$ cat query-v4.txt   # compact mmCIF, C-alpha atoms
# COMPACT_ATOMS: atom_id res chain seq x y z
CA MET A 1 104.43 79.98 77.96
CA ASP A 2 104.40 83.45 76.40
CA TYR A 3 102.90 85.53 79.20
CA LYS A 4 101.45 88.88 78.11
CA ILE A 5 99.62 90.21 81.17
CA ILE A 6 100.46 90.33 84.88
CA VAL A 7 97.85 91.06 87.53
CA LEU A 8 99.04 92.32 90.91
CA ASP A 9 97.35 92.68 94.24
CA LEU A 10 98.74 95.74 96.07
CA ASP A 11 99.09 95.46 99.85
CA GLY A 12 101.30 92.51 100.81
CA THR A 13 102.10 91.82 97.14
CA LEU A 14 103.23 94.75 94.97
CA THR A 15 104.17 96.97 97.90
CA ASN A 16 106.42 96.10 100.82
CA ARG A 17 105.72 96.60 104.54
CA ASP A 18 106.31 100.35 104.09
CA LYS A 19 103.64 100.42 101.32
CA ILE A 20 106.21 101.22 98.64
CA ILE A 21 107.28 99.42 95.45
CA THR A 22 110.88 98.24 95.79
CA PRO A 23 113.32 99.55 93.12
CA ARG A 24 113.96 96.10 91.64
CA THR A 25 110.23 95.37 91.30
CA LYS A 26 109.55 98.78 89.77
CA GLU A 27 112.37 98.38 87.23
CA ALA A 28 111.12 94.93 86.20
CA LEU A 29 107.54 96.18 85.73
CA MET A 30 108.69 99.17 83.66
CA LYS A 31 110.76 96.85 81.42
CA ALA A 32 107.81 94.45 81.06
CA GLN A 33 105.52 97.30 79.94
CA GLU A 34 108.16 98.66 77.55
CA ALA A 35 108.25 95.16 76.01
CA GLY A 36 104.51 95.40 75.32
CA ASN A 37 103.11 93.52 78.31
CA VAL A 38 100.01 94.67 80.22
CA VAL A 39 100.09 95.36 83.97
CA VAL A 40 96.86 95.28 85.98
CA LEU A 41 96.73 96.61 89.54
CA ALA A 42 93.97 94.60 91.23
CA SER A 43 92.69 95.76 94.60
CA GLY A 44 89.75 96.02 96.91
CA ARG A 45 90.56 99.73 97.11
CA PRO A 46 88.47 102.34 95.28
CA THR A 47 89.92 103.48 91.94
CA ALA A 48 91.19 106.77 93.37
CA GLY A 49 93.05 104.79 96.05
CA VAL A 50 94.98 102.82 93.39
CA GLU A 51 95.86 105.81 91.19
CA PRO A 52 99.04 106.92 93.04
CA LEU A 53 100.65 103.51 92.36
CA ALA A 54 99.32 103.55 88.78
CA ARG A 55 101.03 106.93 88.27
CA GLU A 56 104.28 105.63 89.75
CA LEU A 57 104.30 102.74 87.26
CA GLU A 58 103.20 105.04 84.40
CA LEU A 59 100.26 102.79 83.53
CA SER A 60 98.66 105.60 81.49
CA ARG A 61 101.68 105.79 79.17
CA PHE A 62 101.57 102.07 78.46
CA GLY A 63 97.79 101.53 78.36
CA SER A 64 97.66 99.28 81.41
CA TYR A 65 94.67 98.88 83.76
CA ILE A 66 93.28 99.33 87.27
CA LEU A 67 90.91 96.70 88.67
CA SER A 68 89.32 98.30 91.75
CA TYR A 69 86.63 97.40 94.32
CA ASN A 70 87.77 93.72 94.18
CA GLY A 71 86.63 93.55 90.56
CA GLY A 72 83.68 95.93 90.71
CA MET A 73 85.35 98.25 88.21
CA ILE A 74 88.09 98.08 85.55
CA THR A 75 89.60 101.30 84.21
CA ASN A 76 91.83 101.80 81.16
CA CYS A 77 94.56 104.09 82.47
CA LYS A 78 95.42 105.47 79.02
CA THR A 79 91.92 106.58 78.01
CA GLY A 80 90.32 106.87 81.45
CA GLU A 81 87.48 104.73 80.08
CA THR A 82 85.61 102.32 82.36
CA VAL A 83 85.91 98.90 80.68
CA PHE A 84 83.59 97.23 83.19
CA SER A 85 81.55 98.37 86.16
CA SER A 86 79.15 96.69 88.57
CA LEU A 87 77.35 98.98 91.00
CA LEU A 88 74.83 98.28 93.74
CA PRO A 89 71.21 99.03 92.75
CA ARG A 90 70.27 102.47 94.07
CA GLU A 91 67.20 101.11 95.84
CA SER A 92 69.42 98.89 98.03
CA ASN A 93 71.23 101.89 99.61
CA GLN A 94 68.47 102.70 102.11
CA LYS A 95 68.24 99.09 103.24
CA ILE A 96 72.02 98.74 103.75
CA ILE A 97 72.30 102.03 105.65
CA GLY A 98 69.25 101.00 107.70
CA LEU A 99 70.93 97.71 108.66
CA ALA A 100 74.01 99.63 109.83
CA GLU A 101 71.76 101.81 112.01
CA GLU A 102 69.87 98.77 113.32
CA HIS A 103 73.09 97.00 114.36
CA ARG A 104 74.68 100.26 115.58
CA VAL A 105 77.76 100.03 113.37
CA ASP A 106 79.39 102.83 111.38
CA ILE A 107 79.25 102.80 107.59
CA LEU A 108 81.11 104.30 104.63
CA THR A 109 81.00 104.41 100.84
CA TYR A 110 82.69 106.40 98.08
CA GLU A 111 81.89 109.49 96.03
CA GLY A 112 84.44 110.73 93.50
CA GLY A 113 87.74 111.14 95.30
CA GLU A 114 86.19 111.13 98.77
CA ILE A 115 85.08 108.58 101.35
CA ILE A 116 81.70 109.49 102.82
CA THR A 117 80.73 108.21 106.25
CA ASN A 118 78.29 108.75 109.11
CA ASN A 119 81.19 109.12 111.56
CA GLU A 120 84.52 110.66 110.53
CA GLU A 121 85.98 109.86 113.97
CA CYS A 122 85.48 106.10 113.60
CA PRO A 123 88.99 104.55 113.79
CA TYR A 124 88.14 102.04 111.04
CA ALA A 125 86.95 104.80 108.69
CA ILE A 126 90.20 106.65 109.43
CA ALA A 127 92.11 103.44 108.58
CA GLU A 128 90.32 103.20 105.20
CA SER A 129 91.11 106.87 104.55
CA ASN A 130 94.81 106.31 105.35
CA ILE A 131 95.08 103.14 103.22
CA ASN A 132 93.67 104.95 100.18
CA HIS A 133 95.02 108.47 100.83
CA LEU A 134 91.48 109.76 100.36
CA PRO A 135 89.75 112.38 102.54
CA LEU A 136 86.86 111.43 104.83
CA ARG A 137 83.68 113.47 104.78
CA GLN A 138 80.97 113.09 107.41
CA VAL A 139 77.38 113.14 106.16
CA GLU A 140 74.69 113.76 108.77
CA ASP A 141 71.92 111.81 107.02
CA MET A 142 73.44 109.03 104.93
CA LYS A 143 70.02 107.65 103.97
CA SER A 144 68.91 110.81 102.18
CA TYR A 145 72.37 111.76 100.90
CA VAL A 146 73.41 108.51 99.16
CA ASP A 147 70.75 108.56 96.43
CA PHE A 148 73.21 107.53 93.70
CA ARG A 149 74.67 104.14 92.74
CA VAL A 150 77.87 103.07 94.53
CA PRO A 151 80.23 100.09 94.07
CA LYS A 152 80.08 98.97 97.69
CA PHE A 153 79.44 99.85 101.32
CA LEU A 154 81.67 99.01 104.27
CA MET A 155 80.18 98.45 107.72
CA LEU A 156 82.74 99.22 110.41
CA ASP A 157 83.19 97.96 113.95
CA ASP A 158 85.36 95.84 116.21
CA GLY A 159 85.91 92.38 114.70
CA ASP A 160 84.42 90.51 117.67
CA TYR A 161 81.15 92.39 117.21
CA LEU A 162 81.12 92.35 113.37
CA VAL A 163 81.37 88.55 113.39
CA THR A 164 77.91 88.50 115.00
CA VAL A 165 76.54 91.14 112.59
CA GLU A 166 77.77 89.44 109.39
CA PRO A 167 75.27 86.53 109.30
CA LYS A 168 72.36 88.88 110.09
CA VAL A 169 73.30 91.23 107.24
CA LYS A 170 73.80 88.27 104.87
CA ALA A 171 70.34 86.94 105.73
CA ALA A 172 68.73 90.38 105.37
CA MET A 173 70.36 91.18 102.00
CA GLY A 174 69.65 87.82 100.36
CA ARG A 175 71.25 86.04 97.43
CA ASP A 176 71.77 89.01 95.08
CA PHE A 177 74.46 90.53 97.28
CA SER A 178 77.94 89.54 98.37
CA VAL A 179 78.52 90.15 102.09
CA TYR A 180 81.93 89.29 103.55
CA ARG A 181 84.64 90.61 105.87
CA SER A 182 87.76 91.76 104.04
CA GLU A 183 89.35 92.65 107.41
CA PRO A 184 88.06 91.75 110.89
CA TYR A 185 86.71 95.34 111.17
CA PHE A 186 85.40 95.74 107.56
CA LEU A 187 82.12 94.10 106.47
CA GLU A 188 81.78 94.65 102.72
CA ILE A 189 78.45 94.70 100.87
CA MET A 190 78.81 94.39 97.08
CA PRO A 191 76.80 93.13 94.10
CA LYS A 192 76.76 89.32 93.84
CA GLY A 193 79.27 87.59 91.61
CA ILE A 194 81.97 90.24 91.78
CA ASP A 195 85.47 88.94 92.26
CA LYS A 196 88.83 89.52 90.67
CA ALA A 197 88.69 86.44 88.40
CA GLN A 198 85.28 87.19 86.88
CA SER A 199 86.31 90.75 86.06
CA LEU A 200 89.66 89.63 84.62
CA ALA A 201 87.81 87.25 82.29
CA ARG A 202 85.98 90.29 80.89
CA LEU A 203 89.24 92.21 80.50
CA LEU A 204 90.94 89.33 78.66
CA GLU A 205 88.00 89.33 76.22
CA VAL A 206 88.52 93.05 75.57
CA LEU A 207 92.27 92.52 75.07
CA GLY A 208 91.89 89.38 72.96
CA LEU A 209 94.12 87.39 75.31
CA GLU A 210 93.76 83.91 76.82
CA ARG A 211 93.89 83.14 80.54
CA GLU A 212 96.96 80.95 79.85
CA GLN A 213 98.81 84.18 78.97
CA MET A 214 98.07 85.73 82.36
CA ILE A 215 100.13 85.74 85.57
CA ALA A 216 98.33 86.69 88.80
CA CYS A 217 100.19 87.46 92.05
CA GLY A 218 98.59 87.81 95.47
CA ASP A 219 98.77 87.09 99.18
CA GLY A 220 95.23 87.25 100.60
CA TYR A 221 91.92 85.39 100.47
CA ASN A 222 90.42 87.85 97.97
CA ASP A 223 93.25 86.92 95.54
CA MET A 224 92.35 83.23 95.56
CA THR A 225 89.96 83.30 92.57
CA MET A 226 92.42 85.08 90.27
CA ILE A 227 95.35 82.88 91.35
CA LYS A 228 93.32 79.77 90.48
CA TYR A 229 92.07 81.35 87.22
CA ALA A 230 95.38 82.61 85.79
CA GLY A 231 97.67 80.60 83.56
CA LEU A 232 100.31 81.09 86.24
CA GLY A 233 98.96 81.68 89.75
CA VAL A 234 101.66 83.08 92.02
CA ALA A 235 101.53 83.29 95.82
CA MET A 236 103.85 85.54 97.76
CA GLU A 237 105.98 83.81 100.40
CA ASN A 238 103.99 85.89 102.94
CA ALA A 239 100.61 84.73 101.56
CA VAL A 240 98.01 83.00 103.73
CA LEU A 241 98.36 79.21 103.63
CA PRO A 242 95.30 78.43 101.40
CA VAL A 243 96.63 80.86 98.76
CA ARG A 244 100.08 79.26 98.86
CA GLN A 245 98.44 75.84 98.48
CA ALA A 246 96.34 77.01 95.50
CA ALA A 247 99.26 78.63 93.62
CA ASP A 248 101.31 77.17 90.77
CA TYR A 249 104.41 79.00 92.00
CA ILE A 250 105.58 80.64 95.23
CA THR A 251 107.83 83.68 94.96
CA ALA A 252 109.78 85.65 97.58
CA SER A 253 107.91 87.86 100.03
CA ASN A 254 106.67 91.39 99.30
CA ASN A 255 109.65 92.71 101.30
CA HIS A 256 112.13 90.81 99.11
CA ASP A 257 111.20 91.80 95.53
CA GLY A 258 108.77 88.87 95.08
CA VAL A 259 106.90 90.48 92.18
CA GLY A 260 110.09 91.70 90.51
CA LEU A 261 111.54 88.18 90.60
CA VAL A 262 108.40 86.78 88.92
CA VAL A 263 108.54 89.38 86.15
CA GLU A 264 112.25 88.74 85.55
CA LYS A 265 111.79 84.96 85.47
CA PHE A 266 108.57 84.62 83.45
CA MET A 267 108.33 87.79 81.33
CA LEU A 268 111.83 89.15 80.75
CA SER A 269 114.07 86.08 80.52
$ encode --input "query-v4.txt" --output "structure tokens"
Amino acid sequence: MDYKIIVLDLDGTLTNRDKIITPRTKEALMKAQEAGNVVVLASGRPTAGVEPLARELELSRFGSYILSYNGGMITNCKTGETVFSSLLPRESNQKIIGLAEEHRVDILTYEGGEIITNNEECPYAIAESNINHLPLRQVEDMKSYVDFRVPKFLMLDDGDYLVTVEPKVKAAMGRDFSVYRSEPYFLEIMPKGIDKAQSLARLLEVLGLEREQMIACGDGYNDMTMIKYAGLGVAMENAVLPVRQAADYITASNNHDGVGLVVEKFMLS
């Protein structure tokens, strides 16, 4: 198959345990882009949290893309244009923040290049700040401050407690919202029907490509839809078992150039 586009999850896939792209993987991705292929960095992170890796791979020079917020937004790195965006309705903000208050959990969302939260000392908010290299800003009254549309909220607490909060928030929000834990300590609230595969389908339409021409590489549960959807679904050796079972191909781990090997084998050979 003549593959033209490769979609990469970041943590545990593109980057190794030290959160860096290995030299072999970087070289392969640069060669693939020089040959006219499209690279998409697909992450649950906010757009600003993906941009350092996009700059490293020079996505803006080649016209490649960032898929952020687990598919909530797709950005053309060359033009800066938003190809697709799905935001929470503004009127839902008060309800979501109210539920966080009711269940006594911390909460965060995003504004520009900042993470805004009710508690900048929350260890889980600090973790999100460190993952994305974005500053945290504490807002005293989240309810009155967040009067604009956002891609998602994260409720934050110890995993043993959040597991009891999750079903209550799901029931309260109803069927138009997606409520799930991306980490034991992160409970995400997003618009319904947002996942990496659905957003990639929209991008392929824009690019005039077929799903058979797409490779998708990932390691976690939120990569499952795109791995099943792609022409070639690739699981990292370090992927969770259901992702390895769903994949068409298993590559080496993220610490052993797994993505670079896929690019060399399927795009450059």
$ closest_residue --input "query-v4.txt" --among "A:Thr82, A:Ser64, A:Ser43, A:Asn119" --to "Met30 (chain A)" --atoms "only C-alpha atoms"
A:Ser64
$ closest_residue --input "query-v4.txt" --among "A:Val139, A:Leu209, A:Val105, A:Val40" --to "Ile66 (chain A)" --atoms "only C-alpha atoms"
A:Val40
$ residues_around --input "query-v4.txt" --residues "Phe266 (chain A)" --least-positions-apart "2" --cutoff "10 Å" --atoms "all atoms listed in the file" --output "VMD selection string"
chain A and resid 1 to 4 215 232 261 to 264 268 to 269
$ atom_distance --input "query-v4.txt" --atom1 "CA of Leu88 (chain A)" --atom2 "CA of Val150 (chain A)"
5.7 Å
$ residues_around --input "query-v4.txt" --residues "region 219-225 of chain A" --least-positions-apart "3" --cutoff "6 Å" --atoms "only C-alpha atoms" --output "ChimeraX atom specification"
/A:197,228,235-236,239-240,243
$ residues_around --input "query-v4.txt" --residues "Asn254 (chain A)" --least-positions-apart "4" --cutoff "12 Å" --atoms "all atoms listed in the file" --output "JSON, numbers by chain"
{"A": [8, 9, 10, 11, 12, 13, 14, 15, 16, 17, 18, 19, 20, 21, 22, 24, 25, 217, 218, 219, 235, 236, 237, 238, 239, 250, 258, 259, 260, 261, 262]}
$ write_last_selection --input "query-v4.txt" --atoms "C-alpha atoms" --output "CSV table (one decimal), in the frame of the given file"
chain,number,residue,atom,x,y,z
A,8,LEU,CA,99.0,92.3,90.9
A,9,ASP,CA,97.4,92.7,94.2
A,10,LEU,CA,98.7,95.7,96.1
A,11,ASP,CA,99.1,95.5,99.8
A,12,GLY,CA,101.3,92.5,100.8
A,13,THR,CA,102.1,91.8,97.1
A,14,LEU,CA,103.2,94.8,95.0
A,15,THR,CA,104.2,97.0,97.9
A,16,ASN,CA,106.4,96.1,100.8
A,17,ARG,CA,105.7,96.6,104.5
A,18,ASP,CA,106.3,100.4,104.1
A,19,LYS,CA,103.6,100.4,101.3
A,20,ILE,CA,106.2,101.2,98.6
A,21,ILE,CA,107.3,99.4,95.4
A,22,THR,CA,110.9,98.2,95.8
A,24,ARG,CA,114.0,96.1,91.6
A,25,THR,CA,110.2,95.4,91.3
A,217,CYS,CA,100.2,87.5,92.0
A,218,GLY,CA,98.6,87.8,95.5
A,219,ASP,CA,98.8,87.1,99.2
A,235,ALA,CA,101.5,83.3,95.8
A,236,MET,CA,103.8,85.5,97.8
A,237,GLU,CA,106.0,83.8,100.4
A,238,ASN,CA,104.0,85.9,102.9
A,239,ALA,CA,100.6,84.7,101.6
A,250,ILE,CA,105.6,80.6,95.2
A,258,GLY,CA,108.8,88.9,95.1
A,259,VAL,CA,106.9,90.5,92.2
A,260,GLY,CA,110.1,91.7,90.5
A,261,LEU,CA,111.5,88.2,90.6
A,262,VAL,CA,108.4,86.8,88.9
$ axis_aligned_box --input "query-v4.txt" --around "region 145-157 of chain A" --padding-each-side "8 Å" --output "AutoDock Vina command-line options"
--center_x 77.0 --center_y 104.9 --center_z 103.3 --size_x 28.4 --size_y 29.8 --size_z 37.2
$ closest_residue --input "query-v4.txt" --among "A:Gly80, A:Gly49, A:Gly71, A:Gly98" --to "Glu114 (chain A)" --atoms "all atoms listed in the file"
A:Gly49
$ residues_around --input "query-v4.txt" --residues "Ile6 (chain A)" --least-positions-apart "2" --cutoff "6 Å" --atoms "all atoms listed in the file" --output "list of chain:residue names"
A:Val39, A:Met214, A:Ile215, A:Ala216
$ residues_around --input "query-v4.txt" --residues "Glu58 (chain A)" --least-positions-apart "4" --cutoff "10 Å" --atoms "all atoms listed in the file" --output "list in words"
Leu29, Met30, Gln33, Pro52, Leu53, Ala54, Phe62, Gly63, Ser64, Cys77 and Lys78 of chain A
$ atom_distance --input "query-v4.txt" --atom1 "CA of Glu91 (chain A)" --atom2 "CA of Pro167 (chain A)"
21.4 Å
$ closest_residue --input "query-v4.txt" --among "A:Leu204, A:Ala172, A:Leu87, A:Val163" --to "Met73 (chain A)" --atoms "only C-alpha atoms"
A:Leu87
$ closest_residue --input "query-v4.txt" --among "A:Gln245, A:Thr164, A:Thr47, A:Ser86" --to "Met190 (chain A)" --atoms "all atoms listed in the file"
A:Ser86
$ residues_near_point --input "query-v4.txt" --point "(72.6, 105.5, 92.5)" --cutoff "7 Å" --atoms "all atoms listed in the file" --output "list of chain:residue names"
A:Pro89, A:Arg90, A:Asp147, A:Phe148, A:Arg149, A:Val150
$ closest_residue --input "query-v4.txt" --among "A:Glu128, A:Glu140, A:Asp195, A:Asp158" --to "Ile74 (chain A)" --atoms "all atoms listed in the file"
A:Asp195
